[in-house]
>>> print(open('target.cif').read())   # mmCIF, C-alpha atoms
data_upload
loop_
_atom_site.label_atom_id
_atom_site.label_comp_id
_atom_site.auth_asym_id
_atom_site.auth_seq_id
_atom_site.Cartn_x
_atom_site.Cartn_y
_atom_site.Cartn_z
CA MET G 290 -15.02 17.02 1.31
CA THR G 291 -15.97 14.18 3.61
CA GLY G 292 -14.59 14.50 7.15
CA THR G 293 -12.26 11.95 8.71
CA GLU G 294 -14.80 10.45 11.12
CA GLN G 295 -17.47 10.00 8.45
CA THR G 296 -14.87 8.46 6.14
CA ARG G 297 -13.84 6.08 8.92
CA ALA G 298 -17.42 4.90 9.46
CA VAL G 299 -18.00 4.37 5.72
CA VAL G 300 -14.73 2.54 5.15
CA GLU G 301 -15.17 0.37 8.25
CA ARG G 302 -18.56 -0.63 6.90
CA TYR G 303 -17.04 -1.30 3.47
CA LEU G 304 -14.38 -3.58 4.97
CA GLU G 305 -16.75 -5.31 7.37
CA THR G 306 -19.32 -6.13 4.68
CA MET G 307 -16.60 -7.27 2.27
CA THR G 308 -15.07 -9.49 4.97
CA GLY G 309 -18.52 -10.96 5.63
CA ARG G 310 -19.37 -11.23 1.90
CA ASP G 311 -22.56 -9.35 2.69
CA TRP G 312 -22.85 -7.97 -0.82
CA ASP G 313 -26.27 -6.37 -0.33
CA ALA G 314 -24.94 -4.31 2.59
CA PHE G 315 -21.66 -3.75 0.75
CA SER G 316 -23.56 -2.18 -2.16
CA THR G 317 -25.07 0.46 0.14
CA VAL G 318 -21.65 2.06 0.80
CA LEU G 319 -20.72 2.31 -2.88
CA ALA G 320 -21.23 5.41 -5.02
CA GLU G 321 -23.20 4.67 -8.18
CA ASP G 322 -20.21 5.78 -10.27
CA VAL G 323 -17.56 4.09 -8.09
CA VAL G 324 -14.27 3.43 -9.89
CA TYR G 325 -12.24 0.35 -8.96
CA GLU G 326 -8.73 0.19 -10.35
CA LEU G 327 -5.85 -2.26 -10.30
CA PRO G 328 -2.78 -0.29 -11.41
CA GLN G 329 -0.60 -3.41 -11.71
CA THR G 330 -2.77 -4.83 -14.50
CA ASN G 331 -4.16 -1.54 -15.86
CA GLU G 332 -7.65 -2.85 -15.11
CA ARG G 333 -10.54 -0.53 -14.30
CA ILE G 334 -14.14 -1.29 -13.40
CA THR G 335 -16.63 1.55 -13.45
CA GLY G 336 -19.98 1.64 -11.68
CA ARG G 337 -21.59 0.00 -8.67
CA ASP G 338 -23.30 -2.79 -10.60
CA LYS G 339 -20.12 -4.00 -12.30
CA TYR G 340 -18.02 -3.65 -9.15
CA LEU G 341 -20.57 -5.66 -7.19
CA GLN G 342 -20.61 -8.34 -9.88
CA PHE G 343 -16.80 -8.46 -9.82
CA ASN G 344 -16.88 -9.09 -6.06
CA ARG G 345 -19.73 -11.61 -6.20
CA GLU G 346 -17.98 -13.53 -8.98
CA TYR G 347 -14.48 -13.38 -7.47
CA PRO G 348 -13.32 -16.99 -7.33
CA GLY G 349 -11.97 -18.92 -4.36
CA ASP G 350 -12.98 -19.49 -0.79
CA TRP G 351 -11.05 -16.52 0.51
CA VAL G 352 -10.83 -15.17 4.05
CA LEU G 353 -9.88 -11.55 4.70
CA THR G 354 -8.25 -10.07 7.80
CA VAL G 355 -7.77 -6.30 7.93
CA THR G 356 -4.31 -5.49 9.32
CA ARG G 357 -4.12 -1.69 9.01
CA LEU G 358 -6.64 1.09 8.55
CA LEU G 359 -5.67 4.74 8.22
CA VAL G 360 -8.17 7.49 7.58
CA ASP G 361 -7.27 11.06 6.65
CA GLY G 362 -10.00 13.46 5.51
CA SER G 363 -11.88 11.83 2.63
CA ALA G 364 -9.15 9.24 2.01
CA ALA G 365 -8.37 5.89 3.60
CA ALA G 366 -5.68 3.22 3.29
CA ALA G 367 -6.14 -0.36 4.44
CA THR G 368 -4.04 -3.50 4.31
CA MET G 369 -5.22 -7.06 4.61
CA ASN G 370 -4.09 -10.63 4.75
CA PHE G 371 -6.06 -12.64 2.24
CA THR G 372 -6.04 -16.41 2.67
CA VAL G 373 -7.25 -18.89 0.05
CA GLY G 374 -6.71 -22.44 1.32
CA ASP G 375 -3.01 -22.67 2.17
CA GLU G 376 -2.07 -19.62 0.16
CA GLU G 377 -1.62 -16.24 1.82
CA MET G 378 -1.55 -12.95 -0.05
CA VAL G 379 -1.40 -9.34 1.03
CA GLY G 380 -3.82 -6.75 -0.35
CA LEU G 381 -3.12 -3.02 -0.15
CA VAL G 382 -6.03 -0.70 -0.85
CA TYR G 383 -6.58 3.06 -1.07
CA LEU G 384 -10.11 4.45 -0.93
CA GLN G 385 -11.80 7.77 -1.54
CA VAL G 386 -15.13 8.69 0.02
CA SER G 387 -17.41 11.32 -1.54
CA ASP G 388 -20.82 12.34 -0.18
CA GLY G 389 -20.64 9.53 2.35
CA LEU G 390 -20.05 6.76 -0.23
CA VAL G 391 -16.96 4.98 -1.50
CA SER G 392 -16.19 6.58 -4.86
CA ARG G 393 -12.76 5.17 -5.73
CA VAL G 394 -10.90 2.01 -4.75
CA THR G 395 -7.31 1.39 -5.83
CA ASP G 396 -6.04 -2.10 -5.14
CA PHE G 397 -2.51 -3.52 -5.14
CA TRP G 398 -1.45 -7.16 -4.81
CA PRO G 399 2.29 -7.29 -4.17
CA GLU G 400 3.97 -10.67 -4.50
CA PRO G 401 6.99 -12.25 -2.82
CA TYR G 402 10.29 -11.89 -4.69
CA GLU G 403 13.93 -12.76 -4.16
CA PRO G 404 15.94 -9.92 -2.61
CA PRO G 405 18.52 -8.35 -4.89
CA ALA G 406 22.16 -9.06 -4.06
CA GLY G 407 24.34 -6.45 -2.40
CA ARG G 408 22.63 -5.74 0.88
CA GLU G 409 23.22 -8.95 2.79
CA HIS G 410 25.54 -7.04 5.16
CA LEU G 411 22.57 -4.98 6.38
CA VAL G 412 19.59 -7.32 6.44
CA GLU G 413 18.18 -10.21 8.42
CA ARG G 414 15.69 -12.57 6.78
CA VAL G 415 12.61 -12.70 9.03
CA PRO G 416 8.93 -12.80 8.16
CA SER G 417 6.95 -9.63 8.78
CA GLU G 418 4.95 -9.79 12.01
CA LEU G 419 1.84 -8.38 10.36
CA ASP G 420 1.89 -9.12 6.64
CA ARG G 421 1.59 -12.80 5.70
CA PHE G 422 2.92 -14.12 2.43
CA THR G 423 3.44 -17.63 1.20
CA GLY G 424 5.23 -18.50 -2.00
CA MET F 107 1.02 8.06 21.25
CA THR F 108 2.09 10.65 18.73
CA GLY F 109 -0.72 12.91 17.50
CA THR F 110 -1.77 13.16 13.87
CA GLU F 111 -0.33 16.62 13.23
CA GLN F 112 3.06 15.79 14.75
CA THR F 113 3.12 12.55 12.76
CA ARG F 114 2.33 14.49 9.59
CA ALA F 115 5.22 16.90 10.17
CA VAL F 116 7.68 14.07 10.89
CA VAL F 117 6.60 11.97 7.91
CA GLU F 118 6.59 14.95 5.55
CA ARG F 119 10.17 15.66 6.62
CA TYR F 120 11.07 11.98 6.15
CA LEU F 121 9.67 11.99 2.60
CA GLU F 122 11.13 15.38 1.69
CA THR F 123 14.65 14.50 2.86
CA MET F 124 14.48 11.08 1.17
CA THR F 125 13.28 12.69 -2.07
CA GLY F 126 16.17 15.16 -1.85
CA ARG F 127 18.69 12.47 -0.78
CA ASP F 128 19.57 14.70 2.13
CA TRP F 129 20.72 11.81 4.29
CA ASP F 130 22.05 13.93 7.14
CA ALA F 131 18.66 15.59 7.56
CA PHE F 132 16.91 12.26 6.93
CA SER F 133 18.79 10.71 9.85
CA THR F 134 17.38 13.31 12.25
CA VAL F 135 13.82 11.98 11.83
CA LEU F 136 14.77 8.33 12.46
CA ALA F 137 14.51 6.62 15.84
CA GLU F 138 17.78 5.01 16.89
CA ASP F 139 16.08 1.60 16.91
CA VAL F 140 14.08 2.15 13.70
CA VAL F 141 12.96 -1.07 12.00
CA TYR F 142 12.71 -1.18 8.22
CA GLU F 143 10.98 -4.20 6.74
CA LEU F 144 10.21 -5.53 3.29
CA PRO F 145 7.52 -8.21 3.78
CA GLN F 146 7.76 -9.42 0.18
CA THR F 147 11.37 -10.58 0.66
CA ASN F 148 11.27 -11.17 4.43
CA GLU F 149 14.08 -8.63 4.80
CA ARG F 150 14.49 -6.55 7.94
CA ILE F 151 17.01 -3.86 8.79
CA THR F 152 17.29 -2.73 12.40
CA GLY F 153 18.77 0.52 13.63
CA ARG F 154 19.34 4.01 12.29
CA ASP F 155 22.93 3.44 11.18
CA LYS F 156 22.13 0.40 9.04
CA TYR F 157 18.98 1.93 7.60
CA LEU F 158 20.90 5.07 6.67
CA GLN F 159 23.61 2.97 5.05
CA PHE F 160 20.97 1.01 3.12
CA ASN F 161 19.59 4.27 1.74
CA ARG F 162 22.98 5.80 0.98
CA GLU F 163 24.08 2.64 -0.83
CA TYR F 164 20.82 2.05 -2.70
CA PRO F 165 21.84 1.77 -6.35
CA GLY F 166 20.53 3.69 -9.33
CA ASP F 167 19.83 7.30 -10.18
CA TRP F 168 16.27 7.20 -8.88
CA VAL F 169 13.73 10.01 -8.69
CA LEU F 170 10.85 9.85 -6.23
CA THR F 171 7.44 11.54 -6.48
CA VAL F 172 5.06 11.19 -3.55
CA THR F 173 1.53 10.51 -4.83
CA ARG F 174 -0.47 9.92 -1.63
CA LEU F 175 0.07 10.70 2.04
CA LEU F 176 -2.40 9.71 4.75
CA VAL F 177 -1.78 10.31 8.42
CA ASP F 178 -3.85 8.85 11.24
CA GLY F 179 -2.65 9.17 14.83
CA SER F 180 0.89 7.81 15.03
CA ALA F 181 0.64 5.99 11.67
CA ALA F 182 1.11 7.13 8.08
CA ALA F 183 0.77 5.61 4.63
CA ALA F 184 2.43 7.03 1.54
CA THR F 185 2.66 5.99 -2.09
CA MET F 186 5.23 7.06 -4.61
CA ASN F 187 6.24 6.80 -8.21
CA PHE F 188 9.88 5.84 -8.38
CA THR F 189 11.67 6.40 -11.68
CA VAL F 190 15.06 4.95 -12.60
CA GLY F 191 15.97 5.92 -16.15
CA ASP F 192 13.07 4.73 -18.32
CA GLU F 193 11.74 2.36 -15.71
CA GLU F 194 8.84 3.32 -13.44
CA MET F 195 7.96 1.52 -10.24
CA VAL F 196 5.42 2.16 -7.51
CA GLY F 197 6.43 2.11 -3.84
CA LEU F 198 3.86 1.71 -1.05
CA VAL F 199 5.03 2.52 2.45
CA TYR F 200 3.54 2.40 5.96
CA LEU F 201 5.23 4.28 8.78
CA GLN F 202 4.96 4.47 12.53
CA VAL F 203 6.07 7.49 14.53
CA SER F 204 7.03 7.21 18.21
CA ASP F 205 8.26 10.09 20.37
CA GLY F 206 8.43 12.32 17.32
CA LEU F 207 10.68 9.98 15.30
CA VAL F 208 10.05 7.37 12.61
CA SER F 209 10.25 4.02 14.40
CA ARG F 210 9.00 1.56 11.78
CA VAL F 211 8.89 1.58 7.99
CA THR F 212 7.19 -1.18 6.02
CA ASP F 213 7.81 -1.07 2.29
CA PHE F 214 6.06 -2.84 -0.58
CA TRP F 215 7.07 -2.91 -4.24
CA PRO F 216 4.20 -4.32 -6.28
CA GLU F 217 4.95 -5.29 -9.86
CA PRO F 218 2.84 -5.37 -13.02
CA TYR F 219 1.22 -8.71 -13.85
CA GLU F 220 -1.13 -10.12 -16.44
CA PRO F 221 -4.79 -10.05 -15.36
CA PRO F 222 -6.36 -13.44 -14.70
CA ALA F 223 -8.93 -14.61 -17.21
CA GLY F 224 -12.64 -14.50 -16.43
CA ARG F 225 -13.38 -10.85 -15.77
CA GLU F 226 -13.00 -9.35 -19.24
CA HIS F 227 -16.77 -8.68 -19.29
CA LEU F 228 -16.33 -6.19 -16.42
CA VAL F 229 -13.01 -4.43 -17.01
CA GLU F 230 -11.46 -1.85 -19.26
CA ARG F 231 -7.68 -1.80 -19.68
CA VAL F 232 -6.51 1.73 -18.89
CA PRO F 233 -3.44 2.94 -17.01
CA SER F 234 -4.00 4.34 -13.52
CA GLU F 235 -4.03 8.13 -13.50
CA LEU F 236 -1.78 8.31 -10.44
CA ASP F 237 0.34 5.16 -10.22
CA ARG F 238 2.93 4.72 -12.95
CA PHE F 239 4.23 1.33 -13.94
CA THR F 240 6.28 0.23 -16.88
CA GLY F 241 6.91 -3.34 -17.81
#
>>> encode(input="target.cif", output="structure tokens")
Amino acid sequence: MTGTEQTRAVVERYLETMTGRDWDAFSTVLAEDVVYELPQTNERITGRDKYLQFNREYPGDWVLTVTRLLVDGSAAAATMNFTVGDEEMVGLVYLQVSDGLVSRVTDFWPEPYEPPAGREHLVERVPSELDRFTG
Amino acid sequence: MTGTEQTRAVVERYLETMTGRDWDAFSTVLAEDVVYELPQTNERITGRDKYLQFNREYPGDWVLTVTRLLVDGSAAAATMNFTVGDEEMVGLVYLQVSDGLVSRVTDFWPEPYEPPAGREHLVERVPSELDRFTG
């Protein structure tokens, strides 16, 4: 079990090196058998080499801004605004740290949708202050 | 600033009373000026009475299972599998606690999508062990 403060340091380094596209430094916080999963597409990537390649090859001139980071024991949750040109997306990620290295990353990419009818009497339509979507 | 252990107790009660649809008990953990927001639809509900009504009126015979809970200071992040009949959805929620009550709830409902082309050489297609989607 990795303690909260060690987890925080590891995950901060993970996010900082990802934000800076410093893939060599990024690789040093990954467990050799790291699992990266995208539950929305049922995709899974296993192992540091493949996960690094996935990140290096990821297309687009994206810019990441971390908007939330929560750390609890060996687990962390982060949210980010992800901008590619004029398009903004929100990324939601859950991480596990084992032996001081990131061992599991679970990523979600929610998309804008039209609200269902029937609750107009309760809601206002205003953009979130923190989470930035276009589309 | 609410401490981590108080936040954990408040958020556990929030999740437990929501899971049990015990709306009277649920209301006791909500701040009077609680803000509930859905960034994907730009919807916002302000105030305990409206947020309670939103939950009481929410359609469908849903069943909730909490799959992750992280607490860090006055913030929490939870994930849940949400089943309505044969349909499974995943809910991702971020909460803030102030003065021992839930003061902000930010909810995301990611949906399944087809993976973009170009990374087949790195991925397997396997369902997430924890997060359950249909569709």
>>> calpha_fit_and_write(input="target.cif", fixed="chain G", moving="chain F", output="JSON list (two decimals) with C-alpha atoms, in the coordinates of the input")
[["chain", "number", "residue", "atom", "x", "y", "z"],
["F", 107, "MET", "CA", -15.04, 17.02, 1.31],
["F", 108, "THR", "CA", -15.96, 14.17, 3.60],
["F", 109, "GLY", "CA", -14.59, 14.48, 7.14],
["F", 110, "THR", "CA", -12.26, 11.94, 8.71],
["F", 111, "GLU", "CA", -14.79, 10.44, 11.12],
["F", 112, "GLN", "CA", -17.47, 9.99, 8.45],
["F", 113, "THR", "CA", -14.86, 8.46, 6.14],
["F", 114, "ARG", "CA", -13.82, 6.08, 8.91],
["F", 115, "ALA", "CA", -17.40, 4.91, 9.45],
["F", 116, "VAL", "CA", -17.99, 4.38, 5.71],
["F", 117, "VAL", "CA", -14.71, 2.55, 5.15],
["F", 118, "GLU", "CA", -15.15, 0.38, 8.24],
["F", 119, "ARG", "CA", -18.56, -0.64, 6.89],
["F", 120, "TYR", "CA", -17.04, -1.30, 3.46],
["F", 121, "LEU", "CA", -14.37, -3.57, 4.97],
["F", 122, "GLU", "CA", -16.75, -5.31, 7.37],
["F", 123, "THR", "CA", -19.33, -6.12, 4.68],
["F", 124, "MET", "CA", -16.61, -7.27, 2.26],
["F", 125, "THR", "CA", -15.07, -9.48, 4.96],
["F", 126, "GLY", "CA", -18.52, -10.95, 5.64],
["F", 127, "ARG", "CA", -19.39, -11.22, 1.91],
["F", 128, "ASP", "CA", -22.56, -9.35, 2.69],
["F", 129, "TRP", "CA", -22.87, -7.95, -0.82],
["F", 130, "ASP", "CA", -26.28, -6.36, -0.33],
["F", 131, "ALA", "CA", -24.96, -4.31, 2.59],
["F", 132, "PHE", "CA", -21.67, -3.73, 0.74],
["F", 133, "SER", "CA", -23.57, -2.16, -2.15],
["F", 134, "THR", "CA", -25.08, 0.47, 0.15],
["F", 135, "VAL", "CA", -21.67, 2.07, 0.81],
["F", 136, "LEU", "CA", -20.72, 2.31, -2.89],
["F", 137, "ALA", "CA", -21.23, 5.41, -5.02],
["F", 138, "GLU", "CA", -23.19, 4.67, -8.18],
["F", 139, "ASP", "CA", -20.20, 5.78, -10.27],
["F", 140, "VAL", "CA", -17.56, 4.08, -8.10],
["F", 141, "VAL", "CA", -14.27, 3.41, -9.89],
["F", 142, "TYR", "CA", -12.24, 0.34, -8.97],
["F", 143, "GLU", "CA", -8.73, 0.17, -10.36],
["F", 144, "LEU", "CA", -5.85, -2.27, -10.31],
["F", 145, "PRO", "CA", -2.77, -0.28, -11.42],
["F", 146, "GLN", "CA", -0.60, -3.39, -11.71],
["F", 147, "THR", "CA", -2.76, -4.82, -14.52],
["F", 148, "ASN", "CA", -4.17, -1.54, -15.86],
["F", 149, "GLU", "CA", -7.66, -2.85, -15.13],
["F", 150, "ARG", "CA", -10.54, -0.52, -14.30],
["F", 151, "ILE", "CA", -14.14, -1.29, -13.42],
["F", 152, "THR", "CA", -16.64, 1.56, -13.45],
["F", 153, "GLY", "CA", -19.98, 1.64, -11.68],
["F", 154, "ARG", "CA", -21.58, 0.00, -8.68],
["F", 155, "ASP", "CA", -23.29, -2.80, -10.60],
["F", 156, "LYS", "CA", -20.11, -4.01, -12.29],
["F", 157, "TYR", "CA", -18.01, -3.66, -9.16],
["F", 158, "LEU", "CA", -20.58, -5.64, -7.18],
["F", 159, "GLN", "CA", -20.62, -8.33, -9.86],
["F", 160, "PHE", "CA", -16.81, -8.46, -9.82],
["F", 161, "ASN", "CA", -16.90, -9.09, -6.07],
["F", 162, "ARG", "CA", -19.73, -11.61, -6.20],
["F", 163, "GLU", "CA", -17.99, -13.54, -8.97],
["F", 164, "TYR", "CA", -14.49, -13.37, -7.49],
["F", 165, "PRO", "CA", -13.33, -16.99, -7.34],
["F", 166, "GLY", "CA", -12.01, -18.94, -4.39],
["F", 167, "ASP", "CA", -13.01, -19.50, -0.79],
["F", 168, "TRP", "CA", -11.06, -16.51, 0.50],
["F", 169, "VAL", "CA", -10.84, -15.17, 4.04],
["F", 170, "LEU", "CA", -9.89, -11.56, 4.69],
["F", 171, "THR", "CA", -8.25, -10.07, 7.80],
["F", 172, "VAL", "CA", -7.78, -6.32, 7.93],
["F", 173, "THR", "CA", -4.32, -5.50, 9.33],
["F", 174, "ARG", "CA", -4.12, -1.70, 9.02],
["F", 175, "LEU", "CA", -6.65, 1.08, 8.56],
["F", 176, "LEU", "CA", -5.67, 4.74, 8.25],
["F", 177, "VAL", "CA", -8.16, 7.49, 7.59],
["F", 178, "ASP", "CA", -7.27, 11.06, 6.66],
["F", 179, "GLY", "CA", -9.99, 13.45, 5.52],
["F", 180, "SER", "CA", -11.87, 11.83, 2.64],
["F", 181, "ALA", "CA", -9.14, 9.22, 2.01],
["F", 182, "ALA", "CA", -8.37, 5.86, 3.61],
["F", 183, "ALA", "CA", -5.69, 3.20, 3.30],
["F", 184, "ALA", "CA", -6.15, -0.37, 4.45],
["F", 185, "THR", "CA", -4.04, -3.51, 4.32],
["F", 186, "MET", "CA", -5.22, -7.07, 4.60],
["F", 187, "ASN", "CA", -4.09, -10.64, 4.76],
["F", 188, "PHE", "CA", -6.07, -12.64, 2.26],
["F", 189, "THR", "CA", -6.07, -16.42, 2.67],
["F", 190, "VAL", "CA", -7.26, -18.90, 0.05],
["F", 191, "GLY", "CA", -6.73, -22.45, 1.28],
["F", 192, "ASP", "CA", -3.03, -22.69, 2.16],
["F", 193, "GLU", "CA", -2.08, -19.64, 0.16],
["F", 194, "GLU", "CA", -1.61, -16.24, 1.81],
["F", 195, "MET", "CA", -1.56, -12.96, -0.06],
["F", 196, "VAL", "CA", -1.40, -9.35, 1.04],
["F", 197, "GLY", "CA", -3.83, -6.76, -0.35],
["F", 198, "LEU", "CA", -3.13, -3.02, -0.13],
["F", 199, "VAL", "CA", -6.04, -0.71, -0.83],
["F", 200, "TYR", "CA", -6.59, 3.05, -1.06],
["F", 201, "LEU", "CA", -10.11, 4.45, -0.93],
["F", 202, "GLN", "CA", -11.79, 7.76, -1.53],
["F", 203, "VAL", "CA", -15.11, 8.70, 0.03],
["F", 204, "SER", "CA", -17.39, 11.33, -1.53],
["F", 205, "ASP", "CA", -20.80, 12.35, -0.19],
["F", 206, "GLY", "CA", -20.65, 9.54, 2.35],
["F", 207, "LEU", "CA", -20.04, 6.78, -0.22],
["F", 208, "VAL", "CA", -16.95, 4.98, -1.50],
["F", 209, "SER", "CA", -16.18, 6.58, -4.86],
["F", 210, "ARG", "CA", -12.76, 5.16, -5.73],
["F", 211, "VAL", "CA", -10.89, 2.00, -4.77],
["F", 212, "THR", "CA", -7.30, 1.39, -5.83],
["F", 213, "ASP", "CA", -6.03, -2.11, -5.15],
["F", 214, "PHE", "CA", -2.50, -3.52, -5.14],
["F", 215, "TRP", "CA", -1.45, -7.15, -4.81],
["F", 216, "PRO", "CA", 2.29, -7.29, -4.17],
["F", 217, "GLU", "CA", 3.97, -10.66, -4.49],
["F", 218, "PRO", "CA", 7.00, -12.23, -2.81],
["F", 219, "TYR", "CA", 10.29, -11.89, -4.68],
["F", 220, "GLU", "CA", 13.92, -12.76, -4.15],
["F", 221, "PRO", "CA", 15.95, -9.92, -2.61],
["F", 222, "PRO", "CA", 18.54, -8.34, -4.90],
["F", 223, "ALA", "CA", 22.15, -9.05, -4.08],
["F", 224, "GLY", "CA", 24.35, -6.44, -2.42],
["F", 225, "ARG", "CA", 22.63, -5.70, 0.87],
["F", 226, "GLU", "CA", 23.22, -8.93, 2.79],
["F", 227, "HIS", "CA", 25.55, -7.02, 5.16],
["F", 228, "LEU", "CA", 22.57, -4.96, 6.38],
["F", 229, "VAL", "CA", 19.58, -7.31, 6.44],
["F", 230, "GLU", "CA", 18.19, -10.19, 8.43],
["F", 231, "ARG", "CA", 15.70, -12.54, 6.78],
["F", 232, "VAL", "CA", 12.64, -12.68, 9.03],
["F", 233, "PRO", "CA", 8.94, -12.78, 8.16],
["F", 234, "SER", "CA", 6.95, -9.60, 8.78],
["F", 235, "GLU", "CA", 4.96, -9.79, 12.00],
["F", 236, "LEU", "CA", 1.83, -8.39, 10.37],
["F", 237, "ASP", "CA", 1.89, -9.14, 6.64],
["F", 238, "ARG", "CA", 1.59, -12.79, 5.68],
["F", 239, "PHE", "CA", 2.92, -14.12, 2.43],
["F", 240, "THR", "CA", 3.45, -17.63, 1.22],
["F", 241, "GLY", "CA", 5.33, -18.55, -1.88]]
>>> closest_atom_pairs(input="target.cif", of="stretch 305-393 of chain G", to="stretch 179-194 of chain F", cutoff="12 Å", atoms="all atoms listed in the file", output="JSON lines")
{"residue": "G:Pro328", "atom": "CA", "partner": "F:Asn187", "partner_atom": "CA", "distance": 11.9}
{"residue": "G:Gln329", "atom": "CA", "partner": "F:Glu194", "partner_atom": "CA", "distance": 11.7}
{"residue": "G:Arg357", "atom": "CA", "partner": "F:Ala181", "partner_atom": "CA", "distance": 9.4}
{"residue": "G:Leu358", "atom": "CA", "partner": "F:Ala181", "partner_atom": "CA", "distance": 9.3}
{"residue": "G:Leu359", "atom": "CA", "partner": "F:Ala182", "partner_atom": "CA", "distance": 7.2}
{"residue": "G:Val360", "atom": "CA", "partner": "F:Gly179", "partner_atom": "CA", "distance": 9.3}
{"residue": "G:Asp361", "atom": "CA", "partner": "F:Ala182", "partner_atom": "CA", "distance": 9.4}
{"residue": "G:Ala364", "atom": "CA", "partner": "F:Ala183", "partner_atom": "CA", "distance": 10.9}
{"residue": "G:Ala365", "atom": "CA", "partner": "F:Ala183", "partner_atom": "CA", "distance": 9.2}
{"residue": "G:Ala366", "atom": "CA", "partner": "F:Ala183", "partner_atom": "CA", "distance": 7.0}
{"residue": "G:Ala367", "atom": "CA", "partner": "F:Ala183", "partner_atom": "CA", "distance": 9.1}
{"residue": "G:Thr368", "atom": "CA", "partner": "F:Ala183", "partner_atom": "CA", "distance": 10.3}
{"residue": "G:Leu381", "atom": "CA", "partner": "F:Ala183", "partner_atom": "CA", "distance": 10.6}
{"residue": "G:Val382", "atom": "CA", "partner": "F:Ala183", "partner_atom": "CA", "distance": 10.8}
{"residue": "G:Tyr383", "atom": "CA", "partner": "F:Ala183", "partner_atom": "CA", "distance": 9.6}
>>> interface_residues(input="target.cif", of="chain F", to="chain G", cutoff="9 Å", atoms="all atoms listed in the file", output="VMD selection string")
chain F and resid 143 to 152 156 to 157 159 to 160 163 to 164 175 to 179 181 to 183 198 212 214 to 221 225 228 to 239
>>> closest_residue(input="target.cif", among="F:Ser209, F:Asp128, F:Ala223, F:Val203", to="F:Thr113", atoms="only C-alpha atoms")
F:Val203
>>> atom_distance(input="target.cif", atom1="atom CA of G:Asp322", atom2="atom CA of G:Leu304")
18.8 Å
>>> atom_distance(input="target.cif", atom1="atom CA of G:Leu384", atom2="atom CA of G:Leu319")
11.0 Å
>>> decode(input="target.cif", residues="stretch 368-379 of chain G", atoms="N, CA, C and O atoms", output="tab-separated table (two decimals), in the first residue's frame")
chain	number	residue	atom	x	y	z
G	368	THR	N	-8.90	15.55	-13.04
G	368	THR	CA	-9.70	15.99	-14.18
G	368	THR	C	-8.90	17.04	-14.93
G	368	THR	O	-8.05	17.72	-14.35
G	369	MET	N	-9.16	17.15	-16.20
G	369	MET	CA	-8.38	18.08	-17.02
G	369	MET	C	-9.21	18.63	-18.17
G	369	MET	O	-10.12	17.97	-18.67
G	370	ASN	N	-8.89	19.86	-18.52
G	370	ASN	CA	-9.38	20.43	-19.77
G	370	ASN	C	-8.29	20.21	-20.81
G	370	ASN	O	-7.10	20.43	-20.55
G	371	PHE	N	-8.73	19.74	-21.96
G	371	PHE	CA	-7.84	19.25	-23.01
G	371	PHE	C	-8.24	20.03	-24.25
G	371	PHE	O	-9.37	19.91	-24.73
G	372	THR	N	-7.36	20.88	-24.71
G	372	THR	CA	-7.67	21.76	-25.85
G	372	THR	C	-6.88	21.32	-27.07
G	372	THR	O	-5.67	21.09	-26.97
G	373	VAL	N	-7.55	21.15	-28.19
G	373	VAL	CA	-6.89	20.89	-29.47
G	373	VAL	C	-7.43	21.93	-30.44
G	373	VAL	O	-8.58	21.84	-30.86
G	374	GLY	N	-6.61	22.93	-30.76
G	374	GLY	CA	-7.09	24.03	-31.60
G	374	GLY	C	-8.25	24.73	-30.91
G	374	GLY	O	-8.12	25.15	-29.76
G	375	ASP	N	-9.40	24.79	-31.58
G	375	ASP	CA	-10.57	25.45	-31.00
G	375	ASP	C	-11.44	24.50	-30.20
G	375	ASP	O	-12.43	24.91	-29.62
G	376	GLU	N	-11.10	23.23	-30.23
G	376	GLU	CA	-11.95	22.24	-29.57
G	376	GLU	C	-11.51	22.01	-28.13
G	376	GLU	O	-10.32	21.87	-27.86
G	377	GLU	N	-12.49	22.01	-27.22
G	377	GLU	CA	-12.19	21.70	-25.83
G	377	GLU	C	-12.87	20.41	-25.44
G	377	GLU	O	-14.03	20.18	-25.78
G	378	MET	N	-12.14	19.58	-24.71
G	378	MET	CA	-12.68	18.33	-24.20
G	378	MET	C	-12.29	18.23	-22.73
G	378	MET	O	-11.38	18.92	-22.28
G	379	VAL	N	-13.01	17.36	-22.02
G	379	VAL	CA	-12.73	17.14	-20.61
G	379	VAL	C	-12.30	15.69	-20.43
G	379	VAL	O	-12.97	14.78	-20.94
